[in-house]
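Down below is the structure, laid out as structure tokens.
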Amino acid sequence: MKEKILVVDDEEGLRLLYKEELEDEGLNVHVAASGEEAIAKLEKDKFDLIVLDIKMPGMDGIEVLRRVKEKWKNIPVILSTAYHHYKQEFGTWASDAYVVKSSDLKELKTTIKDILNMGRK
Amino acid sequence: MGYDILSKVIELTDSTDALEKRLKDVANLLAHAFAFDQCAVYLSDQDKHVLTLAVAVGSKRGCQEEYKENEGLPGLAIKKGSPIFATQSKPPNETWQGILDKGTNGFKTVVCYPIKDDWLHGVLYLKNKEKKAVTLKEKKLLSVIVLQLATAIKNYQCIINLRDINTKMKDMQDRLVNAEKLLALGEMAASLAHEIKNPLVSIGGFAKRLSQQMNLDSPHMSYVDRIVKEVSRLEKLMDGIVHFSKDESYVFLSEDINIIIEEAVAFFEDDFKRNGIAVVKELSLHVPKIDVDRQHLKLVFNNLMTNAIQAMEKGGTLTIQTYQEGSWIVTEIHDTGGGIDPNIISNIFNPFYTTKETGTGLGLAITHSIITNHKGIIEVNNNIGVGVTFVIKLPLSDKEGRILKAS
Ligand SMILES: Nc1ncnc2c1ncn2[C@@H]1O[C@H](COP(=O)(O)OP(=O)(O)O)[C@@H](O)[C@H]1O
Ligand SMILES: [Mg+2]
């Protein structure tokens, strides 16, 4: 069975790119364009992993992360941001991994695979 | 004669010529005035305890380039702390036999004065083929001359030190200016950077997909590849600029450095294969965990490995070692990519300095700043024509240090 993952990013181009690239890796990929949409999808559906952008208008990634850890604490979260400047007070330590956005999706893909493999064991 | 020689020596040593020229003039003068066949001056290296030939005049016979600590007559004179006079005689006398200096072969009278004041600066070594006596007056005169030589050498070294300090200060000034530039640049860039990064990732990501789906012989392949390459360069540039912006923050957690290295190596597996690079890992199993920022440290290894891969385009060996050295955890990354041109090596840590067509010149600048933020040290050992070793030393955390001492 394909693992179901949720990609949350306010940038349309990135949602499309992530969806296509990750589907090529054999994943079942759903997308959400905002924090609010992500929570709505999480309420309805069960996911194996979330890739979460930090900087989004409205409900940002940190807030989404906080809610996920409250309500669905078994779903691993990979935070994805444009740059390396995460801050401790953001609570990013509570995420399972942290990946800097790059047009080379290698790191994101390996991180996803590693986390899913860990969950399977 | 004494006064003449002395005033001449003072005149020669006080001249503005290079030290070597002055020593040579004095040696010439002494060889003539005191009638010796050979007159040499050796200078001592404070650290290495060796004497190196600075100048020699007259016969070149038996004139050694170097004397190690305690070696030969110069060694003896230094140990004794006073001049030695020796003449070959029949029956053989004790001093002569005790000298054990090959440099005395073919000579019958040798004289060696340590050149020293508070410090040892070297020795004055005089030799004569025939037996000759050195009078008391001559000995006194030589003692004064040697003192004058010591002063000249000391002054010269002071000047060299001053020059050294001067260059270091200039260097520091340059760095400060650089740092200021970076700060201003960083602040401005950070605000723009976010808006630029997302579309860049999109462009680059889709260009990559396009190139993967294209026919290898498509005439458009090279266009797409160019887009991929340029975007990746822009991304790195943006990463680099943002790195220097102020809101960069670190999260230090106790980590196993070997694991971070393993991850970085795994990340480049394809590149190693493509370039024909063998990877040798000598990771000590006994390195304790240390407090580091994992993401930043990963970036350090990524940058260093990227450079190594780029330097070994036609294959080679990448060796990575970790070990503990006192209160440091040391990582050495060694490549066989031919090393760095010594003319440019002082620039490699400067931001935007690159010798590559598509380089950003930020890799090592960032690496340096990350290591500094860890209170660590980064050194580069350049083996010209062979390869480079980057040595990273990260401090053990206090807690670990205490545990180590207790156990
Ligand atoms: N392993 C290495 N072997 C040879 N030269 C190196 C190596 N690492 C760095 N250099 C030199 O240092 C320069 C600066 O490196 P870096 O700051 O990483 O920027 P970039 O790689 O973008 O040029 C390089 O352009 C190269 O000339
Ligand atoms: Mg580089």
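In the structure tokens, chains take letters A, B, ... by order of appearance, with residues numbered from 1 within each chain and ligands from 1 in the order shown.
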Practice task
For chain A, list the residues within 6 Å of chain B, counting only C-alpha atoms, and write the list as a VMD selection string.
Solution key: chain A and resid 13 to 14 85 102 to 103
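Taking only C-alpha atoms and all ligand atoms into account, every polymer residue with at least one atom at most 7 Å away from ligand 2 is listed here: Asn303, Leu304, Thr306, Asn307, Gly359, Gly361, Leu362, Gly363 and Leu364 of chain B.
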Problem - Selection near Leu42 of chain A, 12 Å with only C-alpha atoms, sequence-local residues under 2 positions removed, as a PyMOL selection string - result: chain A and resi 4-8+30-32+35-40+44-50+64-65+67-68+71-73+75
Exercise for the section: Give the residues close to ligand 1, within 8 Å, counting only C-alpha atoms and all ligand atoms; write them as a PyMOL selection string. Expected result: chain B and resi 303-312+334-335+337-341+344-345+347-356+358-366+387-390
Exercise for the section: Assign secondary structure with DSSP using the backbone only, and return the residues of segment 135-325 of chain B in strand (DSSP E or B) as a list in words. Expected result: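 Taking segment 135-325 of chain B and keeping strand (DSSP E or B) gives Leu253, Ser254, Glu255, Ile277, Ala278, Val279, Val280, Lys281, Glu282, Leu283, Ile290, Asp291, Val292, Gly316, Thr317, Leu318, Thr319, Ile320, Gln321, Thr322, Tyr323, Gln324 and Glu325 of chain B.
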Handout entry: Contacts of segment 253-263 of chain B within 8 Å, only C-alpha atoms, excl. fewer than 6 positions in-chain, as a PyMOL selection string
Key = chain B and resi 283+287-294+297-298+301+322
Practice task
Please provide as a ChimeraX atom specification all residues within 12 Å of segment 56-60 of chain B, with the sequence filter that same-chain residues fewer than 2 positions apart are discarded (counting only C-alpha atoms).
Solution key: /B:20-21,23-32,35-43,52-54,62-65,103-107,123-129
Completion exercise
Taken to one decimal, the atom CA of Thr135 of chain B-atom CA of Gln148 of chain B distance is 20.0 Å
Handout entry: Residues near Asp9 of chain A, cut-off 9 Å, only C-alpha atoms, skip fewer than 5 positions along chain, as JSON, numbers by chain
Key = {"A": [14, 15, 31, 32, 33, 34, 35, 51, 52, 53, 54, 55, 56, 61, 80]}
Could those selected residues go to a file with N, CA, C and O atoms, as a short mmCIF file (atom, residue, chain, number, x, y, z; two decimals), in the first residue's frame?
```
data_model
loop_
_atom_site.label_atom_id
_atom_site.label_comp_id
_atom_site.auth_asym_id
_atom_site.auth_seq_id
_atom_site.Cartn_x
_atom_site.Cartn_y
_atom_site.Cartn_z
N LEU A 14 5.56 25.15 -5.92
CA LEU A 14 6.21 24.13 -5.08
C LEU A 14 5.29 22.97 -4.79
O LEU A 14 5.72 21.81 -4.78
N ARG A 15 4.00 23.26 -4.60
CA ARG A 15 3.05 22.16 -4.35
C ARG A 15 3.06 21.19 -5.54
O ARG A 15 3.12 19.98 -5.39
N VAL A 31 -2.04 17.67 -1.22
CA VAL A 31 -1.46 18.98 -0.93
C VAL A 31 -2.47 19.88 -0.22
O VAL A 31 -3.69 19.70 -0.34
N ALA A 32 -1.91 20.84 0.51
CA ALA A 32 -2.75 21.88 1.14
C ALA A 32 -2.04 23.21 0.95
O ALA A 32 -0.82 23.29 1.06
N ALA A 33 -2.81 24.27 0.63
CA ALA A 33 -2.22 25.56 0.31
C ALA A 33 -2.09 26.48 1.52
O ALA A 33 -1.51 27.56 1.41
N SER A 34 -2.61 26.04 2.66
CA SER A 34 -2.51 26.88 3.85
C SER A 34 -2.58 26.02 5.09
O SER A 34 -2.94 24.84 5.02
N GLY A 35 -2.26 26.63 6.22
CA GLY A 35 -2.33 25.91 7.48
C GLY A 35 -3.76 25.46 7.76
O GLY A 35 -3.99 24.32 8.18
N VAL A 51 4.80 17.12 5.19
CA VAL A 51 5.88 18.05 4.84
C VAL A 51 5.31 19.44 4.97
O VAL A 51 4.34 19.78 4.28
N LEU A 52 5.91 20.23 5.86
CA LEU A 52 5.26 21.46 6.27
C LEU A 52 6.15 22.69 6.07
O LEU A 52 7.26 22.77 6.59
N ASP A 53 5.64 23.64 5.29
CA ASP A 53 6.34 24.92 5.11
C ASP A 53 6.16 25.74 6.38
O ASP A 53 5.10 25.69 7.02
N ILE A 54 7.18 26.51 6.78
CA ILE A 54 7.03 27.29 8.01
C ILE A 54 6.35 28.63 7.73
O ILE A 54 5.41 29.03 8.38
N LYS A 55 6.85 29.33 6.69
CA LYS A 55 6.39 30.69 6.47
C LYS A 55 5.18 30.69 5.53
O LYS A 55 5.32 30.48 4.33
N MET A 56 4.00 30.85 6.12
CA MET A 56 2.78 30.92 5.30
C MET A 56 1.91 32.03 5.87
O MET A 56 1.90 32.25 7.08
N GLY A 61 3.35 27.54 9.68
CA GLY A 61 3.75 26.15 9.88
C GLY A 61 3.98 25.79 11.34
O GLY A 61 3.71 24.67 11.76
N SER A 80 9.89 22.36 6.35
CA SER A 80 10.61 22.75 5.16
C SER A 80 10.60 24.27 5.09
O SER A 80 9.55 24.89 5.21
#
```
Exercise for the section: Run DSSP on the backbone and grab whatever in chain A lands in helix (DSSP H, G or I); send it over as a VMD selection string. Expected result: chain A and resid 12 to 24 35 to 44 61 to 71 88 to 90 92 to 94 106 to 120
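We find atom CA of Glu71 of chain B and atom CA of Pro114 of chain B to be spaced 13.5 Å apart.
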Practice task
Give me, please, the distance in Å between atom CA of Asp24 of chain A and atom CA of Leu237 of chain B, quoted to one decimal.
Solution key: 28.9 Å
Practice task
Please provide as a PyMOL selection string all residues within 12 Å of Lys113 of chain A, with the sequence filter that same-chain residues fewer than 6 positions apart are discarded (counting only C-alpha atoms).
Solution key: chain A and resi 3+5+22+25-27+48-49+76+78+97+106-107+119-120
